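First the structure, in the form of structure tokens, and then the observations on it.
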There are 2 protein chains.
Amino acid sequence: MNIGILARRSGVPAKTIRYYESIGLIPKARRSDGNYRVYDERDLANLRFIHRARRLGFPVADVEKLLALWHDQRRPSAKVRELALAHMEDIDRKLEELQSIRRTLAHLAHCCRGDERPDCPILDDLAHGNSSSDTK
Amino acid sequence: MNIGILARRSGVPAKTIRYYESIGLIPKARRSDGNYRVYDERDLANLRFIHRARRLGFPVADVEKLLALWHDQRRPSAKVRELALAHMEDIDRKLEELQSIRRTLAHLAHCCRGDERPDCPILDDLAHGNSSSDTK
DNA sequence: ACTTGACCTTCCAACGACTGGAAGCTCCAT
DNA sequence: ATGGAGCTTCCAGTCGTTGGAAGGTCAAGT
């Protein structure tokens, strides 16, 4: 299987597969006579795993750990759970920040008439920081 | 006012102020005899504006537009409102994605016992994508 | 046999928004 | 004059790709 097929079947772009090889997330691929990378079903399974973990927002470093745990038949599931929970806390922090920002923005946009006139509470807030943009 | 003072008073690190100058977000500063950057209260007001806009998550390109509108006495507030609303839509998209990821993660972590045994629904899901990690 | 076009290779650069660090200059107080 | 804080420039690194150039390979069609 060439890299293009692997890309289509895994959902990971060829460019990204090469990148993953370059940073050591996946092993160096065997090469054909014409120096093309050659892959098999195991590589596909690996890449699908990686793709799903990335879509769940795990950083590449975590994906590496998850892969290692996946390949380790004797892993304790506690370690995986720990990684997932830590990542969730990260997400919760981001959610809270985004929600706070969203609230401020919604309030300001609501206060702003949004017409041809120049007076604008959004700019006033950015300029003087009186009200709600002090989100932390 | 030297760059260190400006940094302290604006909340923007000196390094970042130089970076903003280098990308043209703020004008090139006047220099002292010893080639130090010299700032005044207007620069401080500018930087505070930038700092608040950035904290609200506006990308630097938007901050540039907001700054220009702020300096334009004849701006229509509609333009500012438009920028703010577009940014809010962006935030809403991110919120939805994060929330979807969070739900999946919470479900998986809930299903995983997290003990010394190797069987782990989180890894199973990443490996075979049966359930809920197909968030889009 | 030759040509076309799709696919592959490597390498370098860019994205966004900084941040770190090295090497060296300036300013002020002691 | 010496020390140390603060400033200067420049280059590199962060994170995870992505874009593009220049060139090699492969299979199909004429």
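So you can find residues: chains in the structure tokens are A, B, ... in the order shown, residues in each start at 1, and ligands are numbered from 1 in order.
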Specify as a PDB file with N, CA and C atoms, in the first residue's frame all residues of chain A found within 10 Å of chain D, counting only C-alpha atoms (C1' of nucleotides).
```pdb
ATOM      1  N   PRO A  13      -3.831  12.986   5.987  1.00  0.00           N
ATOM      2  CA  PRO A  13      -3.179  13.381   4.737  1.00  0.00           C
ATOM      3  C   PRO A  13      -1.770  12.808   4.625  1.00  0.00           C
ATOM      4  N   LYS A  15       0.895  14.102   3.605  1.00  0.00           N
ATOM      5  CA  LYS A  15       1.861  15.047   4.157  1.00  0.00           C
ATOM      6  C   LYS A  15       2.012  14.848   5.670  1.00  0.00           C
ATOM      7  N   THR A  16       0.903  14.653   6.305  1.00  0.00           N
ATOM      8  CA  THR A  16       0.905  14.501   7.759  1.00  0.00           C
ATOM      9  C   THR A  16       1.503  13.154   8.163  1.00  0.00           C
ATOM     10  N   TYR A  19       5.067  13.601   8.091  1.00  0.00           N
ATOM     11  CA  TYR A  19       5.429  14.389   9.264  1.00  0.00           C
ATOM     12  C   TYR A  19       5.467  13.518  10.519  1.00  0.00           C
ATOM     13  N   TYR A  20       4.473  12.665  10.684  1.00  0.00           N
ATOM     14  CA  TYR A  20       4.439  11.779  11.849  1.00  0.00           C
ATOM     15  C   TYR A  20       5.667  10.866  11.855  1.00  0.00           C
ATOM     16  N   ASP A  33      11.254  -0.576  -4.380  1.00  0.00           N
ATOM     17  CA  ASP A  33      12.405  -0.377  -5.268  1.00  0.00           C
ATOM     18  C   ASP A  33      12.543   1.073  -5.696  1.00  0.00           C
ATOM     19  N   GLY A  34      11.426   1.688  -5.984  1.00  0.00           N
ATOM     20  CA  GLY A  34      11.465   3.079  -6.425  1.00  0.00           C
ATOM     21  C   GLY A  34      11.467   4.074  -5.287  1.00  0.00           C
ATOM     22  N   ASN A  35      11.824   3.602  -4.097  1.00  0.00           N
ATOM     23  CA  ASN A  35      11.929   4.457  -2.902  1.00  0.00           C
ATOM     24  C   ASN A  35      10.583   4.962  -2.388  1.00  0.00           C
ATOM     25  N   TYR A  36       9.508   4.310  -2.760  1.00  0.00           N
ATOM     26  CA  TYR A  36       8.192   4.684  -2.236  1.00  0.00           C
ATOM     27  C   TYR A  36       7.984   4.018  -0.873  1.00  0.00           C
ATOM     28  N   PRO A  59      -3.076  16.052  22.470  1.00  0.00           N
ATOM     29  CA  PRO A  59      -1.841  16.519  21.835  1.00  0.00           C
ATOM     30  C   PRO A  59      -1.021  15.334  21.358  1.00  0.00           C
ATOM     31  N   VAL A  60      -0.178  15.563  20.374  1.00  0.00           N
ATOM     32  CA  VAL A  60       0.593  14.474  19.788  1.00  0.00           C
ATOM     33  C   VAL A  60       1.395  13.712  20.853  1.00  0.00           C
TER      34      VAL A  60
END
```
* To do: Tell me the residues of chain C close to chain A, meaning within 12 Å using only C-alpha atoms (C1' of nucleotides), as a ChimeraX atom specification.
  => /C:6-10
Compute the chain A side of the contact with chain B at 7 Å, counting only C-alpha atoms, and hand it back as a JSON list (two decimals) with C-alpha atoms, in the first residue's frame.
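Heads up, here's the output in part-v8.json:
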```json
[["chain", "number", "residue", "atom", "x", "y", "z"],
["A", 49, "PHE", "CA", -5.97, 5.12, 16.13],
["A", 52, "ARG", "CA", -9.22, 9.35, 16.30],
["A", 53, "ALA", "CA", -7.09, 10.40, 19.24],
["A", 56, "LEU", "CA", -10.50, 14.04, 20.38],
["A", 70, "TRP", "CA", -2.44, 0.37, 23.40],
["A", 73, "GLN", "CA", -0.83, -5.92, 26.57],
["A", 74, "ARG", "CA", -0.17, -5.52, 30.27],
["A", 75, "ARG", "CA", -1.06, -1.83, 30.61],
["A", 76, "PRO", "CA", -3.19, -0.83, 33.56],
["A", 77, "SER", "CA", -6.32, 0.91, 32.28],
["A", 78, "ALA", "CA", -5.86, 3.44, 35.08],
["A", 81, "ARG", "CA", -8.05, 6.92, 32.22],
["A", 84, "ALA", "CA", -8.21, 11.10, 29.41],
["A", 88, "MET", "CA", -10.81, 16.70, 30.01],
["A", 91, "ILE", "CA", -10.93, 21.10, 27.84],
["A", 95, "LEU", "CA", -14.60, 25.87, 27.75],
["A", 98, "LEU", "CA", -14.50, 30.66, 25.84],
["A", 101, "ILE", "CA", -15.47, 35.60, 26.44],
["A", 102, "ARG", "CA", -18.69, 34.75, 24.66],
["A", 105, "LEU", "CA", -18.97, 39.74, 23.51],
["A", 109, "ALA", "CA", -22.75, 43.43, 20.74],
["A", 112, "CYS", "CA", -24.02, 48.36, 20.29],
["A", 114, "GLY", "CA", -24.52, 48.86, 14.88],
["A", 115, "ASP", "CA", -25.57, 51.65, 12.58],
["A", 116, "GLU", "CA", -23.88, 54.51, 10.73],
["A", 117, "ARG", "CA", -23.14, 56.46, 13.86],
["A", 118, "PRO", "CA", -19.63, 56.29, 15.35],
["A", 119, "ASP", "CA", -20.40, 55.80, 19.03],
["A", 120, "CYS", "CA", -19.78, 52.21, 19.94],
["A", 123, "LEU", "CA", -14.72, 50.17, 21.27],
["A", 126, "LEU", "CA", -11.75, 47.98, 24.66],
["A", 127, "ALA", "CA", -10.45, 51.49, 25.18],
["A", 133, "SER", "CA", -14.00, 42.51, 29.31]]
```
* May I have all residues of range 24-121 of chain B that DSSP, computed from the backbone, assigns to strand (DSSP E), given as an MDAnalysis selection string? => chainID B and resid 30:31 37:38
Go ahead and write the residues just picked, C-alpha atoms, as a compact mmCIF listing (two decimals), in the first residue's frame.
```
# COMPACT_ATOMS: atom_id res chain seq x y z
CA ARG B 30 10.87 57.00 18.65
CA ARG B 31 14.37 56.25 19.96
CA ARG B 37 12.47 52.86 22.45
CA VAL B 38 10.57 55.79 23.98
```
* Could you give me, as an MDAnalysis selection string, each residue of chain B that DSSP assigns to helix (DSSP H, G or I) when run on this structure's backbone? => chainID B and resid 3:10 14:22 41:55 60:71 77:111 121:128
* To do: Could you check how far CA of Ile23 in chain B sits from C1' of DT19 in chain C, in Å to one decimal?
  => 15.7 Å
* May I ask which of the residues A:Ala61, A:Asp40, A:Ile26, A:Ala68 is the closest one to Leu6 in chain A, counting only C-alpha atoms? => A:Asp40
